[in-house]
$ cat final_22.cif   # mmCIF, C-alpha atoms (C1' of nucleotides)
data_model
loop_
_atom_site.label_atom_id
_atom_site.label_comp_id
_atom_site.auth_asym_id
_atom_site.auth_seq_id
_atom_site.Cartn_x
_atom_site.Cartn_y
_atom_site.Cartn_z
CA MET A 17 -19.39 9.14 -51.01
CA GLU A 18 -19.86 12.02 -53.52
CA THR A 19 -23.63 12.29 -53.26
CA MET A 20 -25.17 11.13 -50.01
CA ASP A 21 -28.84 11.59 -49.18
CA VAL A 22 -30.04 12.85 -45.83
CA GLN A 23 -31.04 9.38 -44.68
CA THR A 24 -27.55 7.96 -45.19
CA LEU A 25 -25.90 11.01 -43.69
CA VAL A 26 -28.03 10.84 -40.57
CA SER A 27 -27.53 7.10 -40.16
CA HIS A 28 -23.77 7.52 -40.37
CA LEU A 29 -23.88 10.28 -37.79
CA LYS A 30 -26.09 8.18 -35.53
CA LEU A 31 -23.57 5.37 -35.83
CA LEU A 32 -20.82 7.59 -34.47
CA ALA A 33 -23.01 9.42 -31.95
CA ASN A 34 -22.65 6.69 -29.35
CA GLU A 35 -20.14 6.46 -26.56
CA ALA A 36 -19.77 2.69 -26.66
CA ARG A 37 -19.13 2.61 -30.39
CA LEU A 38 -16.62 5.45 -30.27
CA LYS A 39 -14.73 3.74 -27.47
CA LEU A 40 -14.74 0.50 -29.43
CA LEU A 41 -13.18 2.30 -32.38
CA GLY A 42 -10.54 3.69 -30.05
CA LEU A 43 -9.79 0.31 -28.54
CA VAL A 44 -9.30 -1.45 -31.85
CA ALA A 45 -7.36 1.47 -33.32
CA THR A 46 -3.96 0.48 -31.94
CA GLN A 47 -4.31 -3.32 -31.93
CA GLU A 48 -6.83 -5.96 -32.87
CA ARG A 49 -9.00 -7.22 -30.01
CA SER A 50 -11.46 -10.04 -29.50
CA VAL A 51 -15.13 -9.56 -28.65
CA GLY A 52 -14.63 -11.00 -25.19
CA GLU A 53 -11.68 -8.73 -24.51
CA LEU A 54 -13.63 -5.67 -25.59
CA ALA A 55 -16.61 -6.73 -23.49
CA GLU A 56 -14.41 -7.13 -20.44
CA ILE A 57 -12.65 -3.78 -20.89
CA MET A 58 -15.87 -1.88 -21.55
CA GLU A 59 -17.86 -3.64 -18.86
CA LEU A 60 -20.54 -4.69 -21.32
CA LYS A 61 -21.84 -8.14 -22.20
CA GLU A 62 -20.67 -9.91 -25.35
CA PRO A 63 -24.00 -9.61 -27.22
CA THR A 64 -23.92 -5.85 -26.79
CA VAL A 65 -20.37 -5.53 -28.04
CA SER A 66 -21.07 -7.92 -30.88
CA HIS A 67 -24.06 -5.83 -31.91
CA HIS A 68 -22.06 -2.60 -31.97
CA LEU A 69 -19.22 -4.24 -33.88
CA ALA A 70 -21.68 -5.55 -36.45
CA ARG A 71 -22.95 -2.03 -37.08
CA LEU A 72 -19.43 -0.62 -37.31
CA SER A 73 -18.45 -3.44 -39.63
CA GLU A 74 -21.46 -2.74 -41.84
CA ALA A 75 -20.21 0.80 -42.27
CA GLY A 76 -16.75 -0.51 -43.12
CA LEU A 77 -15.19 1.05 -40.03
CA VAL A 78 -13.79 -2.19 -38.61
CA SER A 79 -12.52 -5.42 -40.12
CA MET A 80 -12.62 -8.91 -38.62
CA ARG A 81 -10.12 -11.78 -38.59
CA ARG A 82 -10.87 -15.26 -37.24
CA GLU A 83 -8.46 -17.33 -35.16
CA GLY A 84 -10.25 -20.51 -34.18
CA ASN A 85 -13.60 -19.23 -33.08
CA VAL A 86 -12.14 -16.07 -31.63
CA HIS A 87 -13.01 -13.03 -33.72
CA PHE A 88 -10.44 -10.25 -33.74
CA TYR A 89 -11.61 -6.80 -34.77
CA ALA A 90 -9.41 -3.97 -36.00
CA LEU A 91 -10.01 -0.38 -37.08
CA CYS A 92 -10.18 0.52 -40.77
CA ALA A 93 -8.39 3.81 -40.36
CA ASP A 94 -8.72 4.99 -43.95
CA ARG A 95 -12.48 4.55 -43.90
CA LEU A 96 -12.73 6.49 -40.64
CA GLN A 97 -10.63 9.28 -42.07
CA GLN A 98 -12.82 9.40 -45.16
CA LEU A 99 -16.00 9.58 -43.08
CA SER A 100 -14.70 12.20 -40.68
CA ARG A 101 -13.63 14.33 -43.60
CA ASP A 102 -16.80 14.14 -45.70
CA LEU A 103 -19.49 13.82 -43.08
CA VAL A 104 -20.62 17.30 -42.14
CA THR A 105 -19.23 19.74 -44.64
CA PRO A 106 -20.95 23.14 -44.60
CA GLU A 107 -21.78 22.77 -48.30
CA LYS A 108 -23.61 19.54 -47.57
CA VAL A 109 -25.64 21.17 -44.82
CA THR A 110 -26.63 24.00 -47.13
CA SER A 111 -27.74 21.54 -49.78
CA LEU A 112 -30.08 19.86 -47.30
CA ALA A 113 -32.54 22.70 -47.67
CA GLU A 114 -32.74 22.33 -51.43
CA HIS A 115 -35.47 19.74 -51.49
CA ALA A 116 -37.53 21.36 -48.74
CA ASP A 117 -40.77 23.01 -49.68
CA THR A 118 -39.77 26.54 -48.75
CA GLY A 119 -42.91 27.90 -50.40
CA ALA A 120 -45.20 26.30 -47.84
CA TRP A 121 -44.91 29.17 -45.39
CA GLU A 122 -45.42 31.80 -48.08
CA ARG A 123 -48.63 30.11 -49.17
CA LYS A 124 -49.79 30.14 -45.59
CA VAL A 125 -49.07 33.84 -45.27
CA LEU A 126 -51.03 34.54 -48.44
CA GLN A 127 -53.90 32.44 -47.20
CA THR A 128 -53.91 34.31 -43.88
CA TYR A 129 -53.90 37.83 -45.29
CA LEU A 130 -55.92 37.37 -48.48
CA GLN A 131 -59.58 36.83 -49.07
CA GLY A 132 -59.77 36.36 -52.82
CA GLU A 133 -58.38 39.54 -54.33
CA ARG A 134 -58.85 41.43 -51.11
CA LEU A 135 -55.94 42.11 -48.70
CA THR A 136 -57.44 42.02 -45.20
CA LYS A 137 -54.48 43.68 -43.49
CA ILE A 138 -50.94 44.82 -44.24
CA PRO A 139 -48.58 42.59 -42.21
CA ASP A 140 -46.34 44.33 -39.69
CA VAL A 141 -43.47 41.88 -39.87
CA ARG A 142 -41.19 42.65 -42.78
CA LYS A 143 -40.85 39.09 -44.10
CA LYS A 144 -44.59 38.58 -44.26
CA ARG A 145 -45.06 41.98 -45.87
CA ASP A 146 -42.52 40.96 -48.51
CA VAL A 147 -44.56 37.89 -49.37
CA ILE A 148 -47.67 40.05 -49.85
CA LEU A 149 -45.72 42.56 -51.91
CA VAL A 150 -44.45 39.85 -54.25
CA TRP A 151 -48.02 38.69 -54.75
CA LEU A 152 -49.11 42.26 -55.34
CA ALA A 153 -46.32 42.91 -57.84
CA ASP A 154 -47.41 39.83 -59.74
CA ARG A 155 -50.61 41.66 -60.58
CA PHE A 156 -48.58 43.88 -62.92
CA GLU A 157 -47.38 42.64 -66.29
CA HIS A 158 -43.68 42.46 -67.04
CA GLY A 159 -42.51 44.92 -69.68
CA ARG A 160 -45.61 47.09 -69.59
CA ARG A 161 -45.54 50.74 -68.39
CA TYR A 162 -48.22 52.05 -66.02
CA ALA A 163 -49.37 55.55 -65.14
CA GLU A 164 -49.61 56.28 -61.40
CA ARG A 165 -53.40 56.44 -61.76
CA GLU A 166 -53.41 52.85 -63.11
CA VAL A 167 -51.10 51.62 -60.36
CA ASN A 168 -53.35 53.13 -57.70
CA GLU A 169 -56.38 51.54 -59.29
CA ILE A 170 -54.85 48.03 -59.47
CA ILE A 171 -53.54 48.13 -55.89
CA GLY A 172 -56.81 49.69 -54.77
CA ARG A 173 -58.69 46.54 -55.82
CA SER A 174 -56.87 44.75 -53.01
CA HIS A 175 -56.51 47.39 -50.32
CA PRO A 176 -57.65 50.98 -49.77
CA ASP A 177 -54.22 52.25 -48.70
CA PHE A 178 -52.77 52.14 -52.22
CA ALA A 179 -50.33 54.97 -51.49
CA THR A 180 -48.46 53.05 -48.77
CA LEU A 181 -48.40 49.83 -50.75
CA ARG A 182 -47.18 51.64 -53.88
CA ARG A 183 -44.30 53.10 -51.91
CA GLU A 184 -43.51 49.69 -50.40
CA LEU A 185 -43.38 48.10 -53.84
CA ILE A 186 -40.79 50.66 -54.87
CA GLY A 187 -38.87 50.21 -51.62
CA ALA A 188 -38.73 46.46 -52.10
CA ARG A 189 -37.52 47.06 -55.70
CA LEU A 190 -40.39 45.00 -56.98
CA MET A 191 -41.44 48.00 -59.06
CA ALA A 192 -39.63 51.07 -60.30
CA ARG A 193 -40.67 54.60 -61.22
CA GLU A 194 -39.29 57.34 -63.43
CA SER A 195 -41.00 60.67 -64.15
CA GLY A 196 -44.41 59.44 -63.14
CA VAL A 197 -44.24 56.14 -65.07
CA TYR A 198 -44.16 52.77 -63.24
CA TRP A 199 -43.03 49.30 -64.30
CA ARG A 200 -42.47 45.86 -62.90
CA VAL A 201 -38.88 44.96 -62.02
CA GLU A 202 -37.46 41.55 -62.95
CA ALA A 203 -37.43 39.08 -60.03
CA GLU A 204 -33.62 38.71 -59.85
CA GLU A 205 -33.17 42.40 -59.12
CA SER A 206 -35.69 42.67 -56.32
CA VAL A 207 -35.01 42.69 -52.57
CA ALA A 208 -37.72 40.25 -51.56
CA ALA A 209 -36.63 36.66 -52.15
CA MET B 1 -12.12 22.86 -28.77
CA GLU B 2 -8.55 21.53 -28.22
CA THR B 3 -9.42 18.92 -25.61
CA MET B 4 -12.94 17.54 -25.62
CA ASP B 5 -14.06 14.67 -23.41
CA VAL B 6 -16.08 11.77 -24.73
CA GLN B 7 -19.30 13.11 -23.20
CA THR B 8 -19.07 16.39 -25.06
CA LEU B 9 -18.02 14.75 -28.28
CA VAL B 10 -20.94 12.33 -28.20
CA SER B 11 -23.43 15.05 -27.35
CA HIS B 12 -22.26 17.14 -30.28
CA LEU B 13 -22.56 14.17 -32.59
CA LYS B 14 -26.03 13.38 -31.25
CA LEU B 15 -26.99 16.96 -31.91
CA LEU B 16 -26.12 16.61 -35.58
CA ALA B 17 -27.37 13.03 -35.94
CA ASN B 18 -30.95 14.14 -36.48
CA GLU B 19 -32.71 14.81 -39.74
CA ALA B 20 -34.87 17.65 -38.47
CA ARG B 21 -31.93 19.53 -36.97
CA LEU B 22 -29.77 19.10 -40.06
CA LYS B 23 -32.57 20.41 -42.25
CA LEU B 24 -33.06 23.34 -39.92
CA LEU B 25 -29.40 24.22 -40.28
CA GLY B 26 -29.80 24.04 -44.04
CA LEU B 27 -32.87 26.23 -44.02
CA VAL B 28 -31.30 29.01 -41.96
CA ALA B 29 -28.01 28.78 -43.85
CA THR B 30 -28.99 31.09 -46.72
CA GLN B 31 -31.37 33.45 -44.92
CA GLU B 32 -32.76 34.05 -41.47
CA ARG B 33 -36.17 32.48 -40.80
CA SER B 34 -38.76 32.65 -38.04
CA VAL B 35 -39.87 29.71 -35.93
CA GLY B 36 -43.30 29.72 -37.53
CA GLU B 37 -41.84 29.77 -41.01
CA LEU B 38 -39.54 26.85 -40.23
CA ALA B 39 -42.40 24.92 -38.66
CA GLU B 40 -44.53 25.45 -41.74
CA ILE B 41 -41.80 24.41 -44.18
CA MET B 42 -40.80 21.34 -42.21
CA GLU B 43 -44.34 20.29 -41.38
CA LEU B 44 -43.63 20.25 -37.67
CA LYS B 45 -45.31 22.11 -34.81
CA GLU B 46 -43.73 25.26 -33.41
CA PRO B 47 -42.76 23.70 -30.05
CA THR B 48 -40.81 20.98 -31.80
CA VAL B 49 -38.93 23.44 -33.96
CA SER B 50 -38.36 25.71 -30.99
CA HIS B 51 -36.89 22.82 -29.07
CA HIS B 52 -34.48 21.89 -31.84
CA LEU B 53 -33.45 25.50 -32.31
CA ALA B 54 -32.77 25.82 -28.61
CA ARG B 55 -30.40 22.88 -28.75
CA LEU B 56 -28.66 24.20 -31.85
CA SER B 57 -28.41 27.60 -30.24
CA GLU B 58 -26.89 26.10 -27.11
CA ALA B 59 -24.14 24.61 -29.26
CA GLY B 60 -23.60 28.00 -30.91
CA LEU B 61 -24.69 26.72 -34.32
CA VAL B 62 -27.47 29.27 -34.79
CA SER B 63 -28.04 32.84 -33.63
CA MET B 64 -31.33 34.59 -32.91
CA ARG B 65 -32.60 38.10 -33.65
CA ARG B 66 -35.91 39.50 -32.37
CA GLU B 67 -38.29 41.62 -34.40
CA GLY B 68 -41.33 42.30 -32.26
CA ASN B 69 -42.06 38.91 -30.84
CA VAL B 70 -40.95 37.14 -33.97
CA HIS B 71 -37.66 35.31 -33.47
CA PHE B 72 -35.44 35.03 -36.53
CA TYR B 73 -32.80 32.34 -36.53
CA ALA B 74 -29.68 32.24 -38.71
CA LEU B 75 -26.80 29.83 -39.16
CA CYS B 76 -23.44 30.51 -37.50
CA ALA B 77 -21.40 29.23 -40.41
CA ASP B 78 -18.00 29.58 -38.76
CA ARG B 79 -19.07 27.52 -35.79
CA LEU B 80 -20.43 24.81 -38.07
CA GLN B 81 -17.21 24.75 -40.03
CA GLN B 82 -15.23 24.47 -36.83
CA LEU B 83 -17.35 21.58 -35.57
CA SER B 84 -17.34 19.67 -38.85
CA ARG B 85 -13.58 19.99 -39.00
CA ASP B 86 -12.73 18.97 -35.45
CA LEU B 87 -15.48 16.53 -34.62
CA VAL B 88 -14.24 13.08 -35.56
CA THR B 89 -10.56 13.28 -36.27
CA PRO B 90 -8.83 9.89 -36.25
CA GLU B 91 -6.44 11.12 -33.55
CA LYS B 92 -9.38 11.92 -31.31
CA VAL B 93 -10.85 8.47 -31.78
CA THR B 94 -7.56 6.87 -30.88
CA SER B 95 -7.32 8.94 -27.73
CA LEU B 96 -10.72 7.68 -26.59
CA ALA B 97 -9.18 4.40 -25.55
CA GLU B 98 -6.64 6.06 -23.31
CA HIS B 99 -8.75 6.22 -20.20
CA ALA B 100 -10.24 2.77 -20.65
CA ASP B 101 -9.16 0.05 -18.26
CA THR B 102 -7.45 -2.15 -20.83
CA GLY B 103 -6.05 -4.29 -18.04
CA ALA B 104 -9.44 -5.64 -17.06
CA TRP B 105 -9.41 -8.41 -19.62
CA GLU B 106 -5.86 -9.46 -18.77
CA ARG B 107 -6.79 -9.78 -15.11
CA LYS B 108 -9.70 -11.96 -16.13
CA VAL B 109 -7.46 -14.19 -18.21
CA LEU B 110 -5.08 -14.57 -15.27
CA GLN B 111 -7.97 -15.35 -12.97
CA THR B 112 -9.26 -17.96 -15.42
CA TYR B 113 -5.99 -19.82 -15.92
CA LEU B 114 -4.36 -19.44 -12.53
CA GLN B 115 -5.06 -21.05 -9.18
CA GLY B 116 -2.64 -19.33 -6.89
CA GLU B 117 0.83 -20.07 -8.30
CA ARG B 118 -0.49 -22.95 -10.36
CA LEU B 119 -1.22 -22.62 -14.09
CA THR B 120 -4.21 -24.88 -14.77
CA LYS B 121 -3.81 -24.92 -18.56
CA ILE B 122 -1.76 -23.27 -21.28
CA PRO B 123 -4.17 -21.10 -23.36
CA ASP B 124 -4.44 -21.96 -27.05
CA VAL B 125 -5.24 -18.46 -28.29
CA ARG B 126 -2.09 -16.45 -28.78
CA LYS B 127 -3.29 -13.28 -27.03
CA LYS B 128 -4.27 -15.14 -23.89
CA ARG B 129 -1.04 -17.10 -23.92
CA ASP B 130 0.85 -13.81 -24.11
CA VAL B 131 -0.88 -12.59 -20.95
CA ILE B 132 0.15 -15.75 -19.12
CA LEU B 133 3.70 -15.47 -20.41
CA VAL B 134 4.02 -11.90 -19.15
CA TRP B 135 2.87 -13.06 -15.75
CA LEU B 136 5.31 -15.92 -15.87
CA ALA B 137 8.23 -13.69 -16.92
CA ASP B 138 7.44 -11.46 -13.96
CA ARG B 139 8.53 -14.28 -11.72
CA PHE B 140 12.11 -13.66 -12.82
CA GLU B 141 14.08 -10.70 -11.50
CA HIS B 142 15.36 -8.06 -13.87
CA GLY B 143 19.12 -7.98 -14.25
CA ARG B 144 19.75 -11.39 -12.70
CA ARG B 145 21.16 -14.32 -14.67
CA TYR B 146 19.65 -17.80 -14.36
CA ALA B 147 20.95 -21.27 -15.20
CA GLU B 148 18.54 -23.42 -17.27
CA ARG B 149 18.10 -25.65 -14.25
CA GLU B 150 16.83 -22.66 -12.22
CA VAL B 151 14.51 -21.55 -15.03
CA ASN B 152 12.97 -25.01 -15.24
CA GLU B 153 12.49 -25.08 -11.51
CA ILE B 154 10.76 -21.70 -11.34
CA ILE B 155 8.45 -22.41 -14.28
CA GLY B 156 7.88 -25.92 -12.93
CA ARG B 157 6.25 -24.45 -9.80
CA SER B 158 3.44 -23.23 -12.06
CA HIS B 159 3.18 -25.92 -14.70
CA PRO B 160 4.79 -29.35 -15.39
CA ASP B 161 5.55 -28.56 -19.06
CA PHE B 162 8.41 -26.18 -18.25
CA ALA B 163 10.18 -26.94 -21.53
CA THR B 164 7.36 -25.61 -23.73
CA LEU B 165 6.84 -22.55 -21.57
CA ARG B 166 10.55 -21.82 -21.50
CA ARG B 167 10.63 -21.88 -25.28
CA GLU B 168 7.53 -19.67 -25.45
CA LEU B 169 9.14 -17.10 -23.15
CA ILE B 170 12.10 -16.88 -25.50
CA GLY B 171 9.82 -16.75 -28.55
CA ALA B 172 7.83 -13.88 -27.08
CA ARG B 173 11.13 -12.09 -26.30
CA LEU B 174 10.17 -11.88 -22.67
CA MET B 175 13.36 -13.73 -21.82
CA ALA B 176 16.63 -14.26 -23.67
CA ARG B 177 19.33 -16.95 -23.64
CA GLU B 178 22.98 -17.12 -24.49
CA SER B 179 25.26 -20.16 -24.02
CA GLY B 180 22.97 -21.78 -21.49
CA VAL B 181 22.37 -18.62 -19.42
CA TYR B 182 18.91 -16.99 -19.24
CA TRP B 183 17.77 -13.49 -18.28
CA ARG B 184 14.67 -11.35 -18.21
CA VAL B 185 14.22 -8.91 -21.14
CA GLU B 186 13.03 -5.34 -20.52
CA ALA B 187 9.31 -4.80 -21.20
CA GLU B 188 9.76 -2.33 -24.08
CA GLU B 189 11.69 -4.85 -26.15
CA SER B 190 9.25 -7.70 -25.79
CA VAL B 191 6.60 -8.81 -28.31
CA ALA B 192 3.72 -9.17 -25.88
CA ALA B 193 2.12 -5.83 -25.13
"C1'" DG C 9 -19.70 -37.88 -32.04
"C1'" DA C 10 -19.67 -35.29 -27.44
"C1'" DT C 11 -18.19 -31.39 -25.19
"C1'" DC C 12 -16.41 -26.92 -24.45
"C1'" DT C 13 -15.71 -22.10 -25.62
"C1'" DA C 14 -16.35 -17.69 -28.29
"C1'" DT C 15 -19.45 -15.47 -30.87
"C1'" DT C 16 -23.71 -14.33 -32.86
"C1'" DT C 17 -28.78 -14.19 -33.18
"C1'" DC C 18 -33.22 -13.64 -31.05
"C1'" DG C 19 -36.58 -11.67 -28.05
"C1'" DA C 20 -37.63 -8.82 -24.19
"C1'" DT C 21 -37.03 -4.67 -21.50
"C1'" DA C 22 -35.81 -0.28 -19.94
"C1'" DT C 23 -34.17 4.06 -21.21
"C1'" DC C 24 -33.90 7.88 -24.18
"C1'" DT C 25 -35.75 11.22 -27.36
"C1'" DA C 26 -38.70 13.43 -30.91
"C1'" DT C 27 -43.01 15.04 -31.14
"C1'" DC C 28 -47.31 16.64 -29.71
"C1'" DT C 29 -51.04 19.34 -26.87
"C1'" DA C 30 -51.90 22.56 -23.37
"C1'" DA C 31 -50.40 26.25 -20.66
"C1'" DT C 32 -47.35 30.22 -20.00
"C1'" DT C 33 -44.63 34.13 -21.32
"C1'" DA C 34 -43.77 38.26 -23.91
"C1'" DG C 35 -44.42 41.88 -27.18
"C1'" DA C 36 -47.47 44.87 -30.10
"C1'" DC C 37 -51.59 47.27 -30.78
"C1'" DC C 38 -56.17 48.95 -29.80
"C1'" DG D 23 -55.89 47.11 -19.21
"C1'" DG D 24 -57.54 43.72 -22.80
"C1'" DT D 25 -56.64 41.22 -26.85
"C1'" DC D 26 -53.98 39.12 -30.37
"C1'" DT D 27 -49.98 36.79 -32.14
"C1'" DA D 28 -45.41 34.32 -31.77
"C1'" DA D 29 -42.57 31.76 -29.10
"C1'" DT D 30 -41.32 29.14 -25.27
"C1'" DT D 31 -41.98 25.97 -21.41
"C1'" DA D 32 -44.11 21.99 -19.23
"C1'" DG D 33 -45.99 17.57 -19.34
"C1'" DA D 34 -47.43 13.47 -21.80
"C1'" DT D 35 -46.83 9.88 -25.29
"C1'" DA D 36 -45.11 7.13 -28.89
"C1'" DG D 37 -41.20 5.37 -31.27
"C1'" DA D 38 -36.37 4.26 -31.35
"C1'" DT D 39 -32.35 2.02 -29.37
"C1'" DA D 40 -28.93 0.21 -26.03
"C1'" DT D 41 -28.59 -3.45 -23.20
"C1'" DC D 42 -29.31 -7.88 -21.43
"C1'" DG D 43 -30.43 -13.12 -20.85
"C1'" DA D 44 -31.36 -17.17 -23.37
"C1'" DA D 45 -30.86 -19.85 -27.33
"C1'" DA D 46 -28.47 -21.00 -31.59
"C1'" DT D 47 -24.15 -21.38 -34.29
"C1'" DA D 48 -19.53 -22.64 -35.22
"C1'" DG D 49 -14.87 -24.12 -34.40
"C1'" DA D 50 -11.64 -26.83 -31.71
"C1'" DT D 51 -10.46 -30.68 -28.76
"C1'" DC D 52 -10.87 -35.07 -26.94
#
$ encode --input "final_22.cif" --output "C-alpha cells"
Amino acid sequence: METMDVQTLVSHLKLLANEARLKLLGLVATQERSVGELAEIMELKEPTVSHHLARLSEAGLVSMRREGNVHFYALCADRLQQLSRDLVTPEKVTSLAEHADTGAWERKVLQTYLQGERLTKIPDVRKKRDVILVWLADRFEHGRRYAEREVNEIIGRSHPDFATLRRELIGARLMARESGVYWRVEAEESVAA
Amino acid sequence: METMDVQTLVSHLKLLANEARLKLLGLVATQERSVGELAEIMELKEPTVSHHLARLSEAGLVSMRREGNVHFYALCADRLQQLSRDLVTPEKVTSLAEHADTGAWERKVLQTYLQGERLTKIPDVRKKRDVILVWLADRFEHGRRYAEREVNEIIGRSHPDFATLRRELIGARLMARESGVYWRVEAEESVAA
DNA sequence: GATCTATTTCGATATCTATCTAATTAGACC
DNA sequence: GGTCTAATTAGATAGATATCGAAATAGATC
C-alpha cells in the first residue's frame, strides 16, 4: 500500500463510493451469505450482485467459499481496515499536486503581460504581479551589486514606471537595498513562490 | 459526524472518488489558488473547475476568499482530516446492514419449500435447511414438554421423514431431549440464526 | 447422460456525471 | 455608463457505470 498512484487511489475510492457495494460489505460482515441470499435481501438480481462481489473480491475485500454450487461470501475485515486507514490521508492528498505542472499558469501570465522584453501592463492582482516580478528579478544577476541608476535602466527596458516596479521588487523581497546599492535576493528568501 | 446515513456516506465518497477533485485538493493544500490558475494547471476549462470547487466547498473541504473578482480557494485541512478519519470505519460498514431486510431471503426459502403446512423437500444446503428448521421448531410451544410420539406426529404433518427432521432439530439446538422427553430451546441458545 | 439449480459471463440499456460551449453575473477601471 | 476580466450558471453532449435479461458454466442428483 505504501506508494499508491492516483489511478489506484481513485479506483479504490470508486469501489467504495457505491451504496450497493457498501451494503454488501455490511451484509457479509457478520456472517457469510450466498449470492442468491444477498440478491433477495437487496432486491437486486443475481448478475448485479455477482458483479459487485467480483469487484469487491478483486480488491481483496471479500472472500468466497463454495458449498456445492452455492458461493458463500464473507468480509475480509483486516483488508477493509487497512483500506479505510490508508485511503485518504492528508499527506497523500498533498502529494497529489507534486506531479502537476504548476508552472503552466505562470507561463500563461507571462505570455499575457509580456511582448518580448516589454511589459504591456502591471497586473492588479497580487499573484499575477508576483509572477511578473519574479521574471523581472531574473533580469538581475545573482551576487552582483547594482547602483539605483542601473536598476532603473534595466527595469525601464520593460516598463516606463521603473520606480513602482523597483519598490515592488523590494517589497516582494526579490531584491534588497542598502545605502543606495541594490542586489538580487536568493529565491528561498523571497516572498513570491 | 457521529451518525451518518448511507446516502451521506456514499455522496462523500463519490466526492473524493474523482481524480480532478483530488488533484484540486492537492493543489490548494499548500497555497491558495484562483479558478483560472487551477484551470490552467489542470488543463481543464474554468466552468469545470468551478463546478468541482463548488462541490468541494459544499462539503466544507475548501474555503474561498475574494480579491476583486478573482476567487482564491484554499484547503480546509482539518475538515479533510476529519473526513479521512471517519469515512470508512469498519464499524460503520457493519452498521450499514442493520436497516436491511435480512428476512426477505428467509421468507423466499419458506415460500419455495412450503405448500401450506406441507414441506415439499428437505433443502440440501445447510443455510436453507436451517431456515426450514427454525420454522419447524416454531410449531412447538416454548416451555411445554413433548413425548417422542407427539414430536413425530407434529413433524409428520409437514413431512414423512420425521426421524431425520427430529434429529436435525436436536443437532441445530432448536430442540433438546432428555430421557425420551423433548422441549423447545430458546432462540438465543440455538445454532441457526 | 439428463436435468435441475446457483452462479457467472455476455450484451444491451438506461442513468449518471464530467466536461464543454454559450450566456449571465459581478467587480474594477476608464 | 461602457468595457474588460474572472467566475459562475445553464444547457448540451459524450463517456462511464449500474442494472437487467439471456446465455453459458458448473456442481449435484437421479
$ resolve_selection --input "final_22.cif" --expression "the PyMOL selection byres ((chain C) within 8 of (chain B))" --output "ChimeraX atom specification"
/C:26-28,34-36
$ residues_around --input "final_22.cif" --residues "Ile155 (chain B)" --least-positions-apart "5" --cutoff "10 Å" --atoms "all atoms listed in the file" --output "ChimeraX atom specification"
/B:117-119,136-137,139-140,150,160-163,165-166
$ resolve_selection --input "final_22.cif" --expression "the PyMOL selection byres ((chain C and resi 25) around 9)" --output "PDB file with C-alpha atoms (C1' of nucleotides), in the frame of the given file"
ATOM      1  C1'  DC C  24     -33.900   7.880 -24.180  1.00  0.00           C
ATOM      2  C1'  DA C  26     -38.700  13.430 -30.910  1.00  0.00           C
TER       3       DA C  26
ATOM      4  C1'  DG D  37     -41.200   5.370 -31.270  1.00  0.00           C
ATOM      5  C1'  DA D  38     -36.370   4.260 -31.350  1.00  0.00           C
TER       6       DA D  38
END
$ resolve_selection --input "final_22.cif" --expression "the PyMOL selection byres ((chain D and resi 44) around 9)" --output "ChimeraX atom specification"
/C:18-19 /D:43,45
$ residues_near_point --input "final_22.cif" --point "(-45.9, 47.0, -59.8)" --cutoff "12 Å" --atoms "all atoms listed in the file" --output "MDAnalysis selection string"
chainID A and resid 149:164 166:171 178 181:193 197:203 206
$ interface_residues --input "final_22.cif" --of "chain D" --to "chain B" --cutoff "10 Å" --atoms "only C-alpha atoms (C1' of nucleotides)" --output "list of chain:residue names"
D:DT27, D:DA28, D:DA29, D:DT30, D:DT31, D:DA50
$ atom_distance --input "final_22.cif" --atom1 "CA of Gln31 (chain B)" --atom2 "CA of Tyr73 (chain B)"
8.6 Å
$ atom_distance --input "final_22.cif" --atom1 "CA of Leu13 (chain B)" --atom2 "C1' of DA22 (chain C)"
23.3 Å
$ atom_distance --input "final_22.cif" --atom1 "CA of Lys128 (chain B)" --atom2 "CA of Arg49 (chain A)"
11.1 Å
$ axis_aligned_box --input "final_22.cif" --around "region 168-184 of chain A" --padding-each-side "6 Å" --output "JSON"
{"center_x": -51.1, "center_y": 49.9, "center_z": -54.1, "size_x": 27.2, "size_y": 22.2, "size_z": 22.8}
$ interface_residues --input "final_22.cif" --of "chain A" --to "chain B" --cutoff "7 Å" --atoms "only C-alpha atoms" --output "VMD selection string"
chain A and resid 22 26 29 to 30 33 to 35 38 to 39 41 to 43 45 53 56 to 57 96 to 97 100 104 to 106 109 to 113 116 to 118 120 to 121
$ residues_around --input "final_22.cif" --residues "DA46 (chain D)" --least-positions-apart "6" --cutoff "12 Å" --atoms "all atoms listed in the file" --output "PDB file with C-alpha atoms (C1' of nucleotides), keeping the file's coordinate frame"
ATOM      1  C1'  DT C  15     -19.450 -15.470 -30.870  1.00  0.00           C
ATOM      2  C1'  DT C  16     -23.710 -14.330 -32.860  1.00  0.00           C
ATOM      3  C1'  DT C  17     -28.780 -14.190 -33.180  1.00  0.00           C
ATOM      4  C1'  DC C  18     -33.220 -13.640 -31.050  1.00  0.00           C
TER       5       DC C  18
END
$ residues_around --input "final_22.cif" --residues "DG33 (chain D)" --least-positions-apart "5" --cutoff "10 Å" --atoms "only C-alpha atoms (C1' of nucleotides)" --output "ChimeraX atom specification"
/C:29-31
